[in-house]
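Below is start25.cif, which holds mmCIF, C-alpha atoms and all ligand atoms.
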data_run
loop_
_atom_site.label_atom_id
_atom_site.label_comp_id
_atom_site.auth_asym_id
_atom_site.auth_seq_id
_atom_site.Cartn_x
_atom_site.Cartn_y
_atom_site.Cartn_z
CA MET A 12 -8.25 -8.84 -12.41
CA LYS A 13 -7.78 -8.58 -8.69
CA ILE A 14 -4.47 -7.05 -7.60
CA ARG A 15 -3.77 -10.05 -5.35
CA ASP A 16 -3.57 -12.23 -8.47
CA ILE A 17 -1.00 -9.98 -10.16
CA PHE A 18 1.46 -10.84 -7.37
CA LYS A 19 0.97 -14.57 -7.88
CA THR A 20 3.22 -14.51 -10.99
CA GLY A 21 6.25 -14.18 -8.69
CA LYS A 22 7.76 -11.38 -10.81
CA THR A 23 8.54 -7.93 -9.46
CA VAL A 24 5.34 -5.96 -9.93
CA PHE A 25 5.79 -2.53 -11.54
CA SER A 26 2.96 -0.03 -11.15
CA PHE A 27 2.24 3.67 -11.63
CA GLU A 28 0.24 6.25 -9.72
CA ILE A 29 -1.52 9.17 -11.38
CA PHE A 30 -3.89 11.87 -10.16
CA PRO A 31 -7.08 13.16 -11.87
CA PRO A 32 -6.84 16.57 -13.55
CA LYS A 33 -7.94 19.56 -11.47
CA ARG A 34 -11.22 21.34 -12.25
CA ASN A 35 -9.47 23.79 -14.57
CA GLY A 36 -7.57 20.97 -16.35
CA SER A 37 -8.45 19.25 -19.59
CA ILE A 38 -9.76 15.77 -20.31
CA ASP A 39 -7.30 15.54 -23.22
CA THR A 40 -4.37 15.56 -20.81
CA VAL A 41 -5.78 12.42 -19.15
CA TYR A 42 -5.83 10.60 -22.45
CA SER A 43 -2.40 11.79 -23.58
CA THR A 44 -0.90 10.83 -20.19
CA LEU A 45 -2.56 7.42 -20.32
CA ASP A 46 -1.56 6.85 -23.97
CA GLU A 47 2.06 7.23 -22.92
CA LEU A 48 1.93 5.47 -19.56
CA THR A 49 0.06 2.38 -20.75
CA ASP A 50 2.53 2.06 -23.61
CA LEU A 51 5.10 1.24 -20.87
CA HIS A 52 3.01 -1.81 -19.84
CA PRO A 53 2.78 -1.31 -16.07
CA ASP A 54 1.11 -4.14 -14.15
CA PHE A 55 -1.49 -1.64 -12.93
CA ILE A 56 -2.13 2.07 -12.55
CA SER A 57 -3.62 3.55 -9.39
CA VAL A 58 -5.58 6.80 -9.40
CA THR A 59 -5.59 9.12 -6.39
CA TYR A 60 -8.69 10.53 -4.74
CA GLY A 61 -8.87 14.12 -3.57
CA ALA A 62 -11.42 16.09 -1.66
CA GLY A 63 -11.17 19.05 -4.03
CA GLY A 64 -13.45 17.56 -6.70
CA SER A 65 -12.46 16.93 -10.28
CA LEU A 66 -13.17 17.84 -13.86
CA PRO A 67 -16.55 16.45 -15.05
CA GLY A 68 -15.95 13.04 -16.66
CA CYS A 69 -12.56 12.74 -14.95
CA SER A 70 -13.31 11.57 -11.43
CA THR A 71 -11.12 8.87 -9.90
CA ARG A 72 -13.78 6.26 -10.66
CA GLU A 73 -14.15 7.35 -14.28
CA ILE A 74 -10.41 7.34 -14.92
CA VAL A 75 -9.98 3.93 -13.26
CA SER A 76 -12.70 2.59 -15.53
CA ILE A 77 -11.12 4.19 -18.64
CA ILE A 78 -7.74 2.62 -17.79
CA LYS A 79 -9.36 -0.79 -17.55
CA GLU A 80 -11.84 -0.65 -20.42
CA LYS A 81 -10.07 1.51 -23.00
CA TYR A 82 -6.43 0.75 -22.22
CA HIS A 83 -6.86 -2.85 -21.00
CA THR A 84 -4.60 -2.16 -18.06
CA GLU A 85 -5.54 -3.11 -14.49
CA SER A 86 -6.27 -0.23 -12.15
CA ILE A 87 -6.91 0.68 -8.52
CA ALA A 88 -9.23 3.41 -7.27
CA HIS A 89 -7.94 5.26 -4.19
CA LEU A 90 -10.71 6.06 -1.74
CA THR A 91 -10.54 8.07 1.50
CA CYS A 92 -13.15 7.85 4.26
CA VAL A 93 -12.37 10.67 6.69
CA ASN A 94 -15.14 12.87 5.32
CA SER A 95 -17.58 10.11 4.36
CA THR A 96 -20.62 8.62 6.02
CA LYS A 97 -21.70 4.99 5.68
CA GLU A 98 -24.37 6.16 3.19
CA ASP A 99 -21.65 7.82 1.05
CA ILE A 100 -19.66 4.58 1.01
CA ASP A 101 -22.78 2.53 0.14
CA ARG A 102 -23.30 4.80 -2.87
CA ILE A 103 -19.63 4.54 -3.88
CA ILE A 104 -19.74 0.72 -3.72
CA LYS A 105 -22.67 0.82 -6.17
CA GLU A 106 -20.74 3.15 -8.48
CA PHE A 107 -17.69 0.88 -8.35
CA GLU A 108 -19.90 -2.01 -9.41
CA GLN A 109 -21.38 0.05 -12.28
CA TYR A 110 -17.90 1.01 -13.47
CA GLY A 111 -16.55 -2.57 -13.21
CA ILE A 112 -13.93 -1.53 -10.64
CA GLU A 113 -12.38 -4.47 -8.78
CA ASN A 114 -9.57 -2.91 -6.73
CA VAL A 115 -9.57 -0.20 -4.07
CA LEU A 116 -6.74 1.44 -2.13
CA ALA A 117 -8.64 2.09 1.09
CA LEU A 118 -7.38 5.14 2.96
CA ARG A 119 -8.38 7.24 5.89
CA GLY A 120 -7.17 10.47 4.24
CA ASP A 121 -5.55 13.44 5.92
CA ILE A 122 -7.55 15.26 8.56
CA ASN A 123 -8.15 18.87 7.55
CA PRO A 124 -8.02 21.03 10.70
CA ASP A 125 -10.78 23.23 9.24
CA ILE A 126 -13.18 20.35 8.49
CA PRO A 127 -14.18 18.15 11.44
CA PRO A 128 -13.98 14.50 10.31
CA LYS A 129 -17.19 12.51 10.02
CA GLU A 130 -17.68 9.94 12.78
CA ASP A 131 -18.41 6.81 10.73
CA PHE A 132 -14.85 5.75 9.83
CA LYS A 133 -11.89 6.60 12.03
CA HIS A 134 -9.29 4.48 10.24
CA ALA A 135 -8.68 2.82 6.90
CA SER A 136 -9.13 -0.58 8.57
CA GLU A 137 -12.73 0.36 9.47
CA LEU A 138 -13.41 1.31 5.84
CA ILE A 139 -12.05 -2.05 4.68
CA THR A 140 -14.15 -3.99 7.20
CA TYR A 141 -17.28 -2.10 6.16
CA MET A 142 -16.74 -2.43 2.39
CA LYS A 143 -15.60 -6.05 2.57
CA GLU A 144 -18.92 -7.05 4.16
CA ARG A 145 -20.79 -5.39 1.28
CA SER A 146 -18.72 -6.15 -1.85
CA SER A 147 -16.26 -8.53 -3.47
CA LEU A 148 -13.67 -5.79 -4.03
CA CYS A 149 -9.96 -6.46 -3.50
CA PHE A 150 -8.42 -4.07 -0.95
CA SER A 151 -4.99 -2.50 -0.77
CA GLY A 152 -3.71 -0.22 1.99
CA ALA A 153 -1.03 2.41 2.57
CA CYS A 154 2.05 1.82 4.73
CA TYR A 155 4.80 4.09 6.03
CA PRO A 156 8.44 2.87 6.10
CA GLU A 157 9.36 5.67 8.52
CA GLY A 158 6.07 5.56 10.44
CA HIS A 159 2.95 7.64 9.88
CA LEU A 160 3.42 11.17 11.22
CA GLU A 161 0.60 10.71 13.76
CA SER A 162 2.13 7.57 15.30
CA ALA A 163 4.41 7.97 18.31
CA THR A 164 6.70 5.16 17.11
CA LEU A 165 7.20 2.97 14.07
CA ASP A 166 6.31 -0.09 16.17
CA GLU A 167 2.96 1.46 17.11
CA ASP A 168 2.26 2.24 13.45
CA ILE A 169 3.09 -1.34 12.49
CA GLU A 170 0.66 -2.66 15.13
CA ASN A 171 -2.02 -0.56 13.46
CA LEU A 172 -0.89 -1.75 10.03
CA LYS A 173 -1.45 -5.32 11.21
CA ARG A 174 -5.05 -4.33 12.08
CA LYS A 175 -5.47 -3.04 8.51
CA VAL A 176 -4.18 -6.29 7.02
CA ASP A 177 -6.28 -8.38 9.41
CA ALA A 178 -9.31 -6.33 8.29
CA GLY A 179 -8.65 -7.49 4.70
CA ALA A 180 -5.92 -5.40 3.00
CA GLU A 181 -4.28 -7.89 0.64
CA HIS A 182 -1.51 -5.64 -0.66
CA LEU A 183 0.30 -2.58 0.66
CA ILE A 184 1.86 0.40 -1.11
CA SER A 185 4.47 2.39 0.77
CA GLN A 186 4.85 6.08 1.26
CA LEU A 187 7.75 7.54 -0.73
CA PHE A 188 11.22 7.22 0.76
CA PHE A 189 14.72 8.15 -0.39
CA ASP A 190 16.74 5.90 1.89
CA ASN A 191 16.35 2.21 1.02
CA ASP A 192 17.76 1.18 4.40
CA CYS A 193 14.65 2.68 6.05
CA PHE A 194 12.51 0.46 3.83
CA TYR A 195 14.56 -2.67 4.64
CA ARG A 196 14.35 -2.01 8.39
CA PHE A 197 10.59 -1.50 8.04
CA LEU A 198 10.17 -4.73 6.05
CA GLU A 199 12.04 -6.69 8.68
CA LYS A 200 9.75 -5.37 11.44
CA VAL A 201 6.60 -5.82 9.38
CA ARG A 202 7.39 -9.44 8.54
CA ALA A 203 8.29 -10.12 12.19
CA ALA A 204 4.87 -8.70 13.13
CA GLY A 205 3.23 -11.38 10.97
CA ILE A 206 2.25 -9.15 8.04
CA ASN A 207 2.76 -11.34 5.01
CA VAL A 208 0.95 -9.56 2.16
CA PRO A 209 2.96 -8.17 -0.80
CA ILE A 210 4.43 -4.72 -0.13
CA GLU A 211 5.32 -2.38 -2.96
CA ALA A 212 8.00 0.25 -2.49
CA GLY A 213 6.77 3.75 -3.35
CA ILE A 214 9.35 5.62 -5.41
CA MET A 215 9.06 9.30 -6.21
CA PRO A 216 11.64 10.57 -8.69
CA CYS A 217 13.04 13.87 -7.44
CA VAL A 218 12.79 15.82 -10.69
CA ASN A 219 11.30 19.06 -9.49
CA ALA A 220 12.85 20.81 -6.49
CA LYS A 221 9.69 22.63 -5.33
CA GLN A 222 7.47 19.56 -5.63
CA ILE A 223 9.89 17.43 -3.63
CA GLN A 224 10.27 20.04 -0.87
CA ARG A 225 6.48 20.09 -0.52
CA MET A 226 6.16 16.30 -0.48
CA VAL A 227 8.99 15.80 1.99
CA GLY A 228 7.44 18.51 4.20
CA LEU A 229 4.15 16.61 4.14
CA CYS A 230 5.43 13.11 4.83
CA GLY A 231 8.69 13.72 6.74
CA ALA A 232 10.84 11.32 4.66
CA SER A 233 14.46 11.33 5.79
CA LEU A 234 17.03 12.46 3.29
CA PRO A 235 20.36 10.63 3.03
CA HIS A 236 23.53 12.67 2.49
CA LYS A 237 23.87 11.67 -1.17
CA PHE A 238 20.32 12.94 -1.78
CA THR A 239 20.84 16.34 -0.10
CA LYS A 240 24.17 16.72 -1.91
CA MET A 241 22.46 16.09 -5.26
CA PHE A 242 19.62 18.42 -4.36
CA ALA A 243 21.93 21.25 -3.28
CA ARG A 244 23.98 20.95 -6.44
CA PHE A 245 21.15 20.82 -9.00
CA GLU A 246 18.02 22.39 -7.49
CA ASN A 247 18.40 25.58 -9.54
CA ASN A 248 19.02 23.77 -12.80
CA PRO A 249 15.76 22.02 -13.79
CA GLU A 250 17.29 19.87 -16.51
CA ALA A 251 20.18 18.66 -14.34
CA MET A 252 17.79 18.12 -11.41
CA ARG A 253 15.51 16.02 -13.62
CA ASP A 254 18.36 13.85 -14.95
CA ALA A 255 19.95 13.42 -11.52
CA GLY A 256 16.54 12.64 -9.96
CA ILE A 257 15.83 9.97 -12.58
CA ALA A 258 19.27 8.40 -12.00
CA TYR A 259 18.71 8.44 -8.21
CA ALA A 260 15.31 6.73 -8.57
CA ASN A 261 16.79 4.12 -10.91
CA GLU A 262 19.55 3.37 -8.42
CA GLN A 263 16.97 2.98 -5.65
CA ILE A 264 14.88 0.64 -7.81
CA ILE A 265 17.81 -1.56 -8.86
CA ASP A 266 18.88 -1.94 -5.23
CA LEU A 267 15.30 -2.78 -4.17
CA VAL A 268 14.83 -5.35 -6.94
CA SER A 269 18.23 -6.89 -6.11
CA SER A 270 16.97 -7.26 -2.54
CA GLY A 271 13.85 -9.09 -3.73
CA VAL A 272 11.17 -6.40 -3.21
CA ASP A 273 7.62 -7.50 -4.14
CA GLY A 274 6.98 -4.49 -6.33
CA ILE A 275 7.83 -0.92 -7.29
CA HIS A 276 5.09 1.71 -7.30
CA LEU A 277 6.19 4.78 -9.22
CA TYR A 278 4.64 8.11 -8.23
CA THR A 279 4.60 9.44 -11.80
CA MET A 280 3.16 12.87 -10.92
CA ASN A 281 1.45 12.55 -14.34
CA ASN A 282 4.83 12.99 -16.02
CA PRO A 283 5.14 10.39 -18.82
CA TYR A 284 8.65 11.56 -19.79
CA VAL A 285 10.01 10.68 -16.35
CA ALA A 286 8.03 7.43 -16.19
CA ARG A 287 9.42 6.41 -19.58
CA LYS A 288 13.03 7.24 -18.67
CA ILE A 289 12.75 5.24 -15.46
CA SER A 290 10.95 2.31 -17.09
CA GLU A 291 13.58 2.14 -19.81
CA GLY A 292 16.40 2.42 -17.28
CA VAL A 293 15.19 -0.56 -15.26
CA SER A 294 13.25 -2.59 -17.86
CA SER A 295 15.56 -5.60 -17.86
CA VAL A 296 15.90 -5.83 -14.06
CA ILE A 297 12.24 -5.28 -13.24
CA ARG A 298 10.82 -8.10 -15.36
CA ILE A 299 12.68 -10.97 -13.67
P1 LIG A 301 -4.78 4.80 8.69
O1 LIG A 301 -4.36 3.44 8.25
O2 LIG A 301 -6.12 4.94 9.28
O3 LIG A 301 -3.67 5.35 9.71
C1 LIG A 301 -3.67 6.71 10.11
C2 LIG A 301 -3.03 6.82 11.49
O4 LIG A 301 -3.87 6.18 12.46
C3 LIG A 301 -1.68 6.12 11.62
O5 LIG A 301 -0.88 6.86 12.50
C4 LIG A 301 -2.02 4.76 12.20
O6 LIG A 301 -0.94 4.19 12.95
C5 LIG A 301 -3.19 5.12 13.12
N1 LIG A 301 -4.14 4.02 13.26
C6 LIG A 301 -4.59 3.19 12.29
N2 LIG A 301 -5.48 2.31 12.78
C7 LIG A 301 -5.59 2.59 14.12
C8 LIG A 301 -6.36 2.05 15.17
N3 LIG A 301 -7.20 1.03 14.94
N4 LIG A 301 -6.24 2.60 16.41
C9 LIG A 301 -5.40 3.63 16.63
N5 LIG A 301 -4.65 4.20 15.66
C10 LIG A 301 -4.75 3.68 14.42
N6 LIG A 301 -4.51 10.77 0.57
C11 LIG A 301 -5.55 11.22 -0.18
O7 LIG A 301 -6.27 12.14 0.26
N7 LIG A 301 -5.83 10.71 -1.42
C12 LIG A 301 -5.10 9.70 -1.96
O8 LIG A 301 -5.37 9.25 -3.09
C13 LIG A 301 -3.99 9.19 -1.20
N8 LIG A 301 -3.23 8.16 -1.68
C14 LIG A 301 -2.20 7.65 -0.90
C15 LIG A 301 -1.45 6.58 -1.41
C16 LIG A 301 -0.40 6.05 -0.65
C17 LIG A 301 0.39 4.88 -1.22
C18 LIG A 301 -0.07 6.62 0.62
C19 LIG A 301 1.09 6.07 1.40
C20 LIG A 301 -0.81 7.68 1.12
C21 LIG A 301 -1.89 8.21 0.38
N9 LIG A 301 -2.68 9.27 0.86
C22 LIG A 301 -3.72 9.76 0.09
C23 LIG A 301 -2.36 9.91 2.14
C24 LIG A 301 -3.16 9.26 3.31
O9 LIG A 301 -4.54 9.55 3.16
C25 LIG A 301 -2.62 9.87 4.62
O10 LIG A 301 -1.31 9.45 4.85
C26 LIG A 301 -3.49 9.68 5.87
O11 LIG A 301 -3.01 10.57 6.88
C27 LIG A 301 -3.46 8.28 6.45
O12 LIG A 301 -4.17 7.40 5.69
P2 LIG A 301 -4.11 5.82 6.03
O13 LIG A 301 -5.06 5.16 5.14
O14 LIG A 301 -2.72 5.35 6.05
O15 LIG A 301 -4.71 5.86 7.52
#

How does the structure come out when it is put into structure tokens?
Ligand code: FAD
Amino acid sequence: MKIRDIFKTGKTVFSFEIFPPKRNGSIDTVYSTLDELTDLHPDFISVTYGAGGSLPGCSTREIVSIIKEKYHTESIAHLTCVNSTKEDIDRIIKEFEQYGIENVLALRGDINPDIPPKEDFKHASELITYMKERSSLCFSGACYPEGHLESATLDEDIENLKRKVDAGAEHLISQLFFDNDCFYRFLEKVRAAGINVPIEAGIMPCVNAKQIQRMVGLCGASLPHKFTKMFARFENNPEAMRDAGIAYANEQIIDLVSSGVDGIHLYTMNNPYVARKISEGVSSVIRI
């Protein structure tokens, strides 16, 4: 099923993101994570794509195919283009077809200062244009409620986002944020700019102090006072941090659903316990 069709039901879409195991990981962890996550009946699961390679049999494409074929759950393959040539992308399109993949989150990827980017694709919009001419895939894109770090202003980033949607992105997933007001301000600007595709809010439960510090460092999300207060109080107590982080994410989700958000995309960090707690906490509000 194409992701665009999932949004046609009019219900709040609820989706998960996972990442493939690292080279020294185990294939069993993929199955045990998926056993638990698919039991929560998300509308789809997206699988990230990293440059570092993956365990044999556990590439993004293979996991996306397993989610669809074995677990009968819709899935999206993330794909970055910063280090790819047109020939690489031609090969990947063929692989997607072989694996029965229908949905792609088309990304530029982060530029590694030590690896000069390839010249073929400078932005995600160029990847979408190229792949759309050569396949019948359904494309999603990333968006940034507080602006992408490389953009001088949020308005400039939204102009570029419009290019991505005009190129063929039919659904957007947002970067994580902890202040819903930032997301509402962003939505207002995006809709005013004529971007009308469904936008899912990316929610990352703050259950691990180190992980969150790293993520916030990478994406520059602003932290409201109630978040920093919670963090300061519980960061050295993993259990309390986990419970407080789950409650904070649930509060964010309930507020977003009350405001009519198109969907919630949960960054599960491959943690089924947290995904279950959150799904159970919001199950009645999310399905209406
Ligand atoms: P783009 O849309 O190309 O935008 C990048 C920058 O260029 C922005 O500042 C934008 O304003 C600007 N820009 C865009 N188009 C133009 C234009 N035509 N002219 C001038 N400027 C332009 N990374 C991974 O490596 N693997 C993943 O699996 C992954 N998954 C992600 C999932 C989500 C939901 C999100 C939000 C991010 C994800 N990322 C992932 C991170 C992403 O690769 C980085 O944020 C990257 O720096 C930007 O990718 P993009 O697709 O948003 O780029």

Point to revise | Distance criterion (only C-alpha atoms): nearest to Ala204 (chain A) out of A:Lys173, A:Arg119, A:Arg34, A:His159 | key: A:Lys173

Given a cut-off of 8 Å, what residues near ligand LIG 301 (chain A) show up using all atoms listed in the file, put as a tab-separated table (two decimals) with C-alpha atoms, in the frame of the given file?
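Output file part-v1.tsv is given in full below:
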chain	number	residue	atom	x	y	z
A	30	PHE	CA	-3.89	11.87	-10.16
A	58	VAL	CA	-5.58	6.80	-9.40
A	59	THR	CA	-5.59	9.12	-6.39
A	60	TYR	CA	-8.69	10.53	-4.74
A	61	GLY	CA	-8.87	14.12	-3.57
A	62	ALA	CA	-11.42	16.09	-1.66
A	89	HIS	CA	-7.94	5.26	-4.19
A	90	LEU	CA	-10.71	6.06	-1.74
A	91	THR	CA	-10.54	8.07	1.50
A	116	LEU	CA	-6.74	1.44	-2.13
A	117	ALA	CA	-8.64	2.09	1.09
A	118	LEU	CA	-7.38	5.14	2.96
A	119	ARG	CA	-8.38	7.24	5.89
A	120	GLY	CA	-7.17	10.47	4.24
A	121	ASP	CA	-5.55	13.44	5.92
A	122	ILE	CA	-7.55	15.26	8.56
A	133	LYS	CA	-11.89	6.60	12.03
A	134	HIS	CA	-9.29	4.48	10.24
A	135	ALA	CA	-8.68	2.82	6.90
A	136	SER	CA	-9.13	-0.58	8.57
A	137	GLU	CA	-12.73	0.36	9.47
A	152	GLY	CA	-3.71	-0.22	1.99
A	153	ALA	CA	-1.03	2.41	2.57
A	154	CYS	CA	2.05	1.82	4.73
A	155	TYR	CA	4.80	4.09	6.03
A	158	GLY	CA	6.07	5.56	10.44
A	159	HIS	CA	2.95	7.64	9.88
A	160	LEU	CA	3.42	11.17	11.22
A	161	GLU	CA	0.60	10.71	13.76
A	162	SER	CA	2.13	7.57	15.30
A	163	ALA	CA	4.41	7.97	18.31
A	167	GLU	CA	2.96	1.46	17.11
A	168	ASP	CA	2.26	2.24	13.45
A	169	ILE	CA	3.09	-1.34	12.49
A	170	GLU	CA	0.66	-2.66	15.13
A	171	ASN	CA	-2.02	-0.56	13.46
A	172	LEU	CA	-0.89	-1.75	10.03
A	174	ARG	CA	-5.05	-4.33	12.08
A	175	LYS	CA	-5.47	-3.04	8.51
A	183	LEU	CA	0.30	-2.58	0.66
A	184	ILE	CA	1.86	0.40	-1.11
A	185	SER	CA	4.47	2.39	0.77
A	186	GLN	CA	4.85	6.08	1.26
A	187	LEU	CA	7.75	7.54	-0.73
A	213	GLY	CA	6.77	3.75	-3.35
A	230	CYS	CA	5.43	13.11	4.83

Exercise for review: Dump as a list in words all residues having an atom at most 10 Å from (-19.9, 0.1, -14.9), computed in the file's coordinates with all atoms listed in the file.
Suggested key: Arg72, Glu73, Ser76, Glu80, Lys105, Glu106, Phe107, Glu108, Gln109, Tyr110, Gly111 and Ile112 of chain A

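Nearest to Arg102 (chain A) of all the residues A:Ala88, A:Pro235, A:Met142, A:Ile297 is A:Met142, based on all atoms listed in the file.
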
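Distance check against Lys97 (chain A) using all atoms listed in the file: of A:Thr279, A:Thr140, A:Ser70, A:Asn219, the minimum falls on A:Thr140.
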
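Interatomic distance, CA of Ala286 (chain A) to CA of Glu47 (chain A): 9.0 Å.
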
List the spatial neighbours of Asp16 (chain A) as a PDB file with C-alpha atoms, in the frame of the given file - criterion: any atom at most 12 Å away, all atoms listed in the file, same-chain residues fewer than 2 positions off excluded.
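And here is the file that came out, result.pdb:
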ATOM      1  CA  MET A  12      -8.250  -8.840 -12.410  1.00  0.00           C
ATOM      2  CA  LYS A  13      -7.780  -8.580  -8.690  1.00  0.00           C
ATOM      3  CA  ILE A  14      -4.470  -7.050  -7.600  1.00  0.00           C
ATOM      4  CA  PHE A  18       1.460 -10.840  -7.370  1.00  0.00           C
ATOM      5  CA  LYS A  19       0.970 -14.570  -7.880  1.00  0.00           C
ATOM      6  CA  THR A  20       3.220 -14.510 -10.990  1.00  0.00           C
ATOM      7  CA  GLY A  21       6.250 -14.180  -8.690  1.00  0.00           C
ATOM      8  CA  LYS A  22       7.760 -11.380 -10.810  1.00  0.00           C
ATOM      9  CA  VAL A  24       5.340  -5.960  -9.930  1.00  0.00           C
ATOM     10  CA  ASP A  54       1.110  -4.140 -14.150  1.00  0.00           C
ATOM     11  CA  PHE A  55      -1.490  -1.640 -12.930  1.00  0.00           C
ATOM     12  CA  GLU A  85      -5.540  -3.110 -14.490  1.00  0.00           C
ATOM     13  CA  GLU A 113     -12.380  -4.470  -8.780  1.00  0.00           C
ATOM     14  CA  ASN A 114      -9.570  -2.910  -6.730  1.00  0.00           C
ATOM     15  CA  CYS A 149      -9.960  -6.460  -3.500  1.00  0.00           C
ATOM     16  CA  GLU A 181      -4.280  -7.890   0.640  1.00  0.00           C
ATOM     17  CA  HIS A 182      -1.510  -5.640  -0.660  1.00  0.00           C
ATOM     18  CA  VAL A 208       0.950  -9.560   2.160  1.00  0.00           C
ATOM     19  CA  PRO A 209       2.960  -8.170  -0.800  1.00  0.00           C
TER      20      PRO A 209
END

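CA of Cys92 (chain A) is found 6.7 Å from CA of Leu138 (chain A).
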
Check your understanding: Near Ser270 (chain A), within 12 Å and counting all atoms listed in the file, which residues show up once chain neighbours fewer than 2 positions away are dropped, as a ChimeraX atom specification?
Key -> /A:23,191-192,194-195,198,212,263-268,272-274,296-297

Review point. If you count all atoms listed in the file, which residues fall within 7 Å of region 42-46 of chain A, apart from same-chain ones fewer than 4 positions away, as a ChimeraX atom specification?
Key: /A:38,50,281,283

Practice item. Pick out the closest residue to Val227 (chain A) from this set: A:Lys79, A:Phe189, A:Ser86, A:Ala258. Count all atoms listed in the file. Key: A:Phe189

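Using only C-alpha atoms for every distance, the candidate list A:Ile299, A:Ala178, A:Leu277, A:Leu165 yields A:Leu277 as the residue closest to Ser26 (chain A).
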
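Taking CA of Tyr259 (chain A) and CA of Lys237 (chain A) as the two end points, the separation is 9.3 Å.
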
Practice item. Could you check which of A:Lys288, A:His276, A:Arg298, A:Arg253 is closest to Ile29 (chain A), using all atoms listed in the file? Key: A:His276

Please write out, as AutoDock Vina command-line options, where the centre of an axis-aligned box around all listed atoms of region 277-289 of chain A lies and how long its edges are, in Å to one decimal, after adding 8 Å on each side.
--center_x 7.2 --center_y 8.9 --center_z -14.0 --size_x 27.6 --size_y 24.2 --size_z 27.6
